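Asker: First the structure, which I've put down as structure tokens, then a few questions once you've had a look.
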Amino acid sequence: MEKIFENNKKWVERKLSEDKDYFNKLAMGQKPRYLYIGCSDSRIPINEVTGTGPGEIFVHRNIANMVVHTDMNLLSVLQYAVEVLKVKDIIVCGHYGCGGVAAAASNKQFGLMDNWLRNIKDVIRLHEQELLSIKDEEQRQRRLVELNIIEQVLNLSKTSIIQNAMQTDNPPRLYGLVYDLKEGLLRDLNVMEQKDCMKRYEHIYNLEQDETN
């Protein structure tokens, strides 16, 4: 911890040397453009990866960048980001080489997290035929990472928070990105442009607002 405090002091000194009002400005509030839903993996410093500064990205992380409809933590972050902060872009970002995705693809037990990984096993079940057709193990894992991101963006679009936001004049845009640890590059999976995938289940998931309220 001594190293943490030492680095913190050096960082403060560097920031103040660049702008003596830096922290006063930050303390005045935040108005981020983006909500980032990403993996807890420590190798992805999202501000550095995207070249953004403090106050520009509102962040939620969990194992394997999941959007689970019973996760009150995620839903609280989402509601605050959409309804209070008025973010314009919501990003679900996964990464190749994700340990959570790899664990879900195996039949091993890992303890409490097995219950969380069941959500990824559902993604495997939905896309089993495609995954089985990929003979190379590494490529199969990479594709599962992509499919998981796609499914989590779809899960995001099904929430009542996003459904209601889509009825406003300036709804947030949803993105599914994958990060390549070996290259350092982000790639857009263009999830929301896959119209057939989105429209197939609209009659089940779409919610209508109560006009009497």
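By order of appearance in the structure tokens: chains A, B, ..., then residues from 1 within every chain, and ligands from 1 in the order shown.
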As a ChimeraX atom specification, please: the residues near Arg61 in chain A (cut-off 6 Å, only C-alpha atoms, same-chain neighbours under 2 positions excluded).

Answerer: /A:37-40

Asker: Which residue gives the smallest distance to His69 in chain A among A:Leu174, A:Leu189, A:Leu154, A:Val82, with only C-alpha atoms counted?

Answerer: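 Closest to His69 in chain A of all the choices is A:Leu154.
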
Asker: Between CA of Ala64 in chain A and CA of Thr159 in chain A, what is the spacing in Å?

Answerer: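 If I compute the distance from CA of Thr159 in chain A to CA of Ala64 in chain A, I get 18.8 Å.
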
Asker: Determine, using only C-alpha atoms, which residues of range 108-211 of chain A have any atom at most 12 Å from an atom of range 48-51 of chain A, and tabulate each with its shortest atom pair and distance in Å to one decimal place, rows ordered by chain and then rising number, as CSV.

Answerer:
residue,atom,partner,partner_atom,distance
A:Leu177,CA,A:Thr50,CA,11.9
A:Tyr179,CA,A:Val49,CA,9.3
A:Asp180,CA,A:Val49,CA,10.9
A:Leu181,CA,A:Val49,CA,10.6
A:Glu183,CA,A:Val49,CA,11.2
A:Gly184,CA,A:Val49,CA,7.4
A:Leu185,CA,A:Val49,CA,8.1
A:Leu186,CA,A:Val49,CA,8.4
A:Arg187,CA,A:Thr50,CA,11.9

Asker: How would the residues just chosen look if you wrote them out with C-alpha atoms as a short mmCIF file (atom, residue, chain, number, x, y, z; two decimals), in the first residue's frame?

Answerer:
data_model
loop_
_atom_site.label_atom_id
_atom_site.label_comp_id
_atom_site.auth_asym_id
_atom_site.auth_seq_id
_atom_site.Cartn_x
_atom_site.Cartn_y
_atom_site.Cartn_z
CA LEU A 177 -17.07 -3.72 -28.58
CA TYR A 179 -10.86 -5.55 -27.10
CA ASP A 180 -7.85 -7.49 -28.35
CA LEU A 181 -5.24 -7.74 -25.60
CA GLU A 183 -3.10 -5.69 -30.27
CA GLY A 184 -4.58 -3.11 -27.93
CA LEU A 185 -7.34 -2.33 -30.43
CA LEU A 186 -11.10 -2.04 -29.98
CA ARG A 187 -13.45 -3.42 -32.63
#

Asker: Can you tell me how far CA of Pro172 in chain A sits from CA of Ile90 in chain A, in Å to one decimal?

Answerer: 6.6 Å

Asker: Listing only residues of range 75-140 of chain A within 10 Å of range 163-166 of chain A, what is the closest atom pair and its distance in Å (to one decimal) for each, using only C-alpha atoms, sorted by chain and residue number ascending, as a tab-separated table?

Answerer:
residue	atom	partner	partner_atom	distance
A:Gln79	CA	A:Ala165	CA	9.7
A:Val82	CA	A:Ala165	CA	7.4
A:Glu83	CA	A:Ala165	CA	8.0
A:Lys86	CA	A:Ala165	CA	9.7

Asker: Could you take the residues named above and write them with N, CA and C atoms, as a tab-separated table (two decimals), in the first residue's frame?

Answerer:
chain	number	residue	atom	x	y	z
A	79	GLN	N	-29.70	2.83	-14.74
A	79	GLN	CA	-30.75	3.83	-14.58
A	79	GLN	C	-30.17	5.21	-14.28
A	82	VAL	N	-28.54	6.64	-17.47
A	82	VAL	CA	-29.49	7.02	-18.53
A	82	VAL	C	-30.40	8.16	-18.10
A	83	GLU	N	-30.96	8.06	-16.90
A	83	GLU	CA	-32.00	9.00	-16.50
A	83	GLU	C	-31.48	10.24	-15.80
A	86	LYS	N	-27.76	11.24	-18.27
A	86	LYS	CA	-28.13	11.43	-19.68
A	86	LYS	C	-27.00	11.05	-20.64

Asker: So that I can see what lies close to Lys121 in chain A, please list as number ranges by chain the residues with an atom at most 12 Å from it, counting only C-alpha atoms and leaving out residues fewer than 5 positions away in the same chain.

Answerer: A: 64, 66, 100-107, 114-116, 126-128, 144-145, 147-148, 151

Asker: From the DSSP assignment of the backbone, select every residue of range 75-172 of chain A that is helix (DSSP H, G or I), and format the answer as a ChimeraX atom specification.

Answerer: /A:75-84,99-105,113-126,128-132,137-158,160-165

Asker: Residues of the last selection are to be written out with C-alpha atoms, as a short mmCIF file (atom, residue, chain, number, x, y, z; two decimals), in the first residue's frame.

Answerer:
data_model
loop_
_atom_site.label_atom_id
_atom_site.label_comp_id
_atom_site.auth_asym_id
_atom_site.auth_seq_id
_atom_site.Cartn_x
_atom_site.Cartn_y
_atom_site.Cartn_z
CA LEU A 75 -29.52 -1.88 -13.20
CA SER A 76 -28.96 0.89 -10.67
CA VAL A 77 -25.88 2.07 -12.55
CA LEU A 78 -27.77 1.87 -15.84
CA GLN A 79 -30.75 3.83 -14.58
CA TYR A 80 -28.57 6.54 -13.06
CA ALA A 81 -26.48 6.80 -16.22
CA VAL A 82 -29.49 7.02 -18.53
CA GLU A 83 -32.00 9.00 -16.50
CA VAL A 84 -29.78 11.29 -14.43
CA GLY A 99 -11.08 -15.96 -18.16
CA GLY A 100 -14.77 -15.87 -17.27
CA VAL A 101 -15.80 -16.91 -20.76
CA ALA A 102 -13.19 -19.68 -20.79
CA ALA A 103 -14.37 -20.94 -17.40
CA ALA A 104 -17.99 -21.03 -18.59
CA ALA A 105 -16.95 -23.03 -21.65
CA MET A 113 -18.90 -17.83 -9.48
CA ASP A 114 -20.37 -20.94 -11.16
CA ASN A 115 -23.81 -19.39 -10.61
CA TRP A 116 -22.73 -16.24 -12.45
CA LEU A 117 -21.13 -18.23 -15.27
CA ARG A 118 -24.44 -20.00 -15.90
CA ASN A 119 -25.45 -16.87 -17.79
CA ILE A 120 -22.60 -17.44 -20.24
CA LYS A 121 -23.51 -21.11 -20.56
CA ASP A 122 -26.90 -19.87 -21.79
CA VAL A 123 -25.04 -18.03 -24.56
CA ILE A 124 -23.27 -21.28 -25.43
CA ARG A 125 -26.62 -23.10 -25.54
CA LEU A 126 -28.11 -20.48 -27.89
CA GLU A 128 -24.04 -24.26 -29.79
CA GLN A 129 -24.20 -25.29 -33.45
CA GLU A 130 -22.08 -22.38 -34.61
CA LEU A 131 -19.52 -22.94 -31.86
CA LEU A 132 -19.30 -26.69 -32.53
CA GLU A 137 -10.12 -24.10 -29.87
CA GLU A 138 -8.69 -20.59 -29.77
CA GLN A 139 -10.96 -19.39 -32.57
CA ARG A 140 -13.95 -20.99 -30.86
CA GLN A 141 -13.12 -19.13 -27.65
CA ARG A 142 -12.74 -15.86 -29.54
CA ARG A 143 -16.10 -16.34 -31.20
CA LEU A 144 -17.72 -17.15 -27.86
CA VAL A 145 -16.35 -13.88 -26.49
CA GLU A 146 -18.00 -12.04 -29.41
CA LEU A 147 -21.29 -13.90 -29.06
CA ASN A 148 -21.36 -13.14 -25.35
CA ILE A 149 -20.92 -9.43 -26.05
CA ILE A 150 -23.70 -9.52 -28.64
CA GLU A 151 -26.08 -11.27 -26.24
CA GLN A 152 -25.31 -8.81 -23.46
CA VAL A 153 -26.11 -5.85 -25.73
CA LEU A 154 -29.39 -7.56 -26.59
CA ASN A 155 -30.04 -8.08 -22.87
CA LEU A 156 -29.37 -4.37 -22.38
CA SER A 157 -31.92 -3.47 -25.05
CA LYS A 158 -34.55 -5.58 -23.28
CA SER A 160 -37.25 -1.44 -19.06
CA ILE A 161 -34.71 1.35 -18.58
CA ILE A 162 -33.54 1.21 -22.18
CA GLN A 163 -37.04 0.49 -23.50
CA ASN A 164 -38.29 3.69 -21.87
CA ALA A 165 -35.25 5.66 -23.00
#

Asker: List the spatial neighbours of Arg33 in chain A as a PDB file with N, CA and C atoms, in the first residue's frame - criterion: any atom at most 7 Å away, only C-alpha atoms, same-chain residues fewer than 5 positions off excluded.

Answerer:
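For reference, result_7.pdb as written:
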ATOM      1  N   GLU A  56     -15.391  11.453 -18.083  1.00  0.00           N
ATOM      2  CA  GLU A  56     -15.901  11.246 -19.436  1.00  0.00           C
ATOM      3  C   GLU A  56     -16.592   9.897 -19.619  1.00  0.00           C
ATOM      4  N   ILE A  57     -16.244   8.919 -18.790  1.00  0.00           N
ATOM      5  CA  ILE A  57     -16.848   7.589 -18.908  1.00  0.00           C
ATOM      6  C   ILE A  57     -17.343   7.124 -17.543  1.00  0.00           C
ATOM      7  N   VAL A  87     -26.393   9.899 -20.397  1.00  0.00           N
ATOM      8  CA  VAL A  87     -25.304   9.461 -21.289  1.00  0.00           C
ATOM      9  C   VAL A  87     -25.844   9.273 -22.705  1.00  0.00           C
ATOM     10  N   LYS A  88     -24.981   9.476 -23.675  1.00  0.00           N
ATOM     11  CA  LYS A  88     -25.392   9.382 -25.069  1.00  0.00           C
ATOM     12  C   LYS A  88     -25.046   8.021 -25.691  1.00  0.00           C
ATOM     13  N   ASP A  89     -24.019   7.377 -25.174  1.00  0.00           N
ATOM     14  CA  ASP A  89     -23.569   6.100 -25.731  1.00  0.00           C
ATOM     15  C   ASP A  89     -23.348   5.102 -24.600  1.00  0.00           C
TER      16      ASP A  89
END

Asker: Figure out the distance between CA of Asn206 in chain A and CA of Glu193 in chain A, please, to one decimal in Å.

Answerer: 17.6 Å

Asker: Write out as a ChimeraX atom specification each polymer residue whose atoms come within 8 Å of Asn190 in chain A, counting only C-alpha atoms; drop sequence neighbours fewer than 2 positions from it.

Answerer: /A:175-176,188,192-194

Asker: From a backbone DSSP assignment, name each residue in range 30-160 of chain A labelled strand (DSSP E or B), as a list in words.

Answerer: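 So the strand (DSSP E or B) residues in range 30-160 of chain A would be Tyr34, Leu35, Tyr36, Ile37, Gly38, Cys39, Ile57, Phe58, Val59, His60, Arg61, Asn62, Asp89, Ile90, Ile91, Val92, Cys93, Gly94 and His95 of chain A.
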
Asker: Mind writing the picked residues with N, CA and C atoms as a PDB file, in the first residue's frame?

Answerer:
ATOM      1  N   TYR A  34     -20.394   8.675 -21.979  1.00  0.00           N
ATOM      2  CA  TYR A  34     -20.448   7.222 -22.155  1.00  0.00           C
ATOM      3  C   TYR A  34     -20.741   6.486 -20.850  1.00  0.00           C
ATOM      4  N   LEU A  35     -21.477   5.389 -20.974  1.00  0.00           N
ATOM      5  CA  LEU A  35     -21.531   4.370 -19.928  1.00  0.00           C
ATOM      6  C   LEU A  35     -20.807   3.156 -20.470  1.00  0.00           C
ATOM      7  N   TYR A  36     -19.840   2.669 -19.715  1.00  0.00           N
ATOM      8  CA  TYR A  36     -19.032   1.526 -20.113  1.00  0.00           C
ATOM      9  C   TYR A  36     -19.350   0.350 -19.203  1.00  0.00           C
ATOM     10  N   ILE A  37     -19.831  -0.746 -19.788  1.00  0.00           N
ATOM     11  CA  ILE A  37     -20.078  -1.980 -19.056  1.00  0.00           C
ATOM     12  C   ILE A  37     -19.021  -2.962 -19.521  1.00  0.00           C
ATOM     13  N   GLY A  38     -18.036  -3.235 -18.666  1.00  0.00           N
ATOM     14  CA  GLY A  38     -16.906  -4.031 -19.095  1.00  0.00           C
ATOM     15  C   GLY A  38     -16.563  -5.142 -18.129  1.00  0.00           C
ATOM     16  N   CYS A  39     -15.571  -5.901 -18.512  1.00  0.00           N
ATOM     17  CA  CYS A  39     -15.080  -7.000 -17.678  1.00  0.00           C
ATOM     18  C   CYS A  39     -14.203  -6.445 -16.557  1.00  0.00           C
ATOM     19  N   ILE A  57     -16.244   8.919 -18.790  1.00  0.00           N
ATOM     20  CA  ILE A  57     -16.848   7.589 -18.908  1.00  0.00           C
ATOM     21  C   ILE A  57     -17.343   7.124 -17.543  1.00  0.00           C
ATOM     22  N   PHE A  58     -18.637   6.823 -17.465  1.00  0.00           N
ATOM     23  CA  PHE A  58     -19.238   6.222 -16.273  1.00  0.00           C
ATOM     24  C   PHE A  58     -19.047   4.717 -16.404  1.00  0.00           C
ATOM     25  N   VAL A  59     -18.530   4.060 -15.362  1.00  0.00           N
ATOM     26  CA  VAL A  59     -18.047   2.687 -15.512  1.00  0.00           C
ATOM     27  C   VAL A  59     -18.753   1.697 -14.584  1.00  0.00           C
ATOM     28  N   HIS A  60     -19.118   0.552 -15.163  1.00  0.00           N
ATOM     29  CA  HIS A  60     -19.565  -0.603 -14.382  1.00  0.00           C
ATOM     30  C   HIS A  60     -18.793  -1.819 -14.878  1.00  0.00           C
ATOM     31  N   ARG A  61     -18.257  -2.605 -13.946  1.00  0.00           N
ATOM     32  CA  ARG A  61     -17.500  -3.802 -14.308  1.00  0.00           C
ATOM     33  C   ARG A  61     -18.006  -5.019 -13.548  1.00  0.00           C
ATOM     34  N   ASN A  62     -17.954  -6.149 -14.207  1.00  0.00           N
ATOM     35  CA  ASN A  62     -18.208  -7.425 -13.541  1.00  0.00           C
ATOM     36  C   ASN A  62     -17.498  -8.527 -14.335  1.00  0.00           C
ATOM     37  N   ASP A  89     -24.019   7.377 -25.174  1.00  0.00           N
ATOM     38  CA  ASP A  89     -23.569   6.100 -25.731  1.00  0.00           C
ATOM     39  C   ASP A  89     -23.348   5.102 -24.600  1.00  0.00           C
ATOM     40  N   ILE A  90     -23.857   3.879 -24.782  1.00  0.00           N
ATOM     41  CA  ILE A  90     -23.668   2.813 -23.805  1.00  0.00           C
ATOM     42  C   ILE A  90     -22.882   1.697 -24.473  1.00  0.00           C
ATOM     43  N   ILE A  91     -21.769   1.344 -23.877  1.00  0.00           N
ATOM     44  CA  ILE A  91     -20.843   0.376 -24.461  1.00  0.00           C
ATOM     45  C   ILE A  91     -20.782  -0.872 -23.599  1.00  0.00           C
ATOM     46  N   VAL A  92     -21.014  -2.030 -24.218  1.00  0.00           N
ATOM     47  CA  VAL A  92     -20.694  -3.305 -23.585  1.00  0.00           C
ATOM     48  C   VAL A  92     -19.406  -3.778 -24.235  1.00  0.00           C
ATOM     49  N   CYS A  93     -18.363  -3.939 -23.433  1.00  0.00           N
ATOM     50  CA  CYS A  93     -17.053  -4.271 -23.996  1.00  0.00           C
ATOM     51  C   CYS A  93     -16.486  -5.531 -23.347  1.00  0.00           C
ATOM     52  N   GLY A  94     -16.224  -6.534 -24.173  1.00  0.00           N
ATOM     53  CA  GLY A  94     -15.552  -7.738 -23.726  1.00  0.00           C
ATOM     54  C   GLY A  94     -14.161  -7.794 -24.312  1.00  0.00           C
ATOM     55  N   HIS A  95     -13.448  -8.875 -24.055  1.00  0.00           N
ATOM     56  CA  HIS A  95     -12.092  -8.977 -24.583  1.00  0.00           C
ATOM     57  C   HIS A  95     -11.732 -10.427 -24.866  1.00  0.00           C
TER      58      HIS A  95
END

Asker: Using only C-alpha atoms, which of A:Lys135, A:Lys182, A:Lys31, A:Arg43 sits nearest Leu85 in chain A?

Answerer: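 The shortest atom-to-atom distance to Leu85 in chain A comes from A:Lys31.
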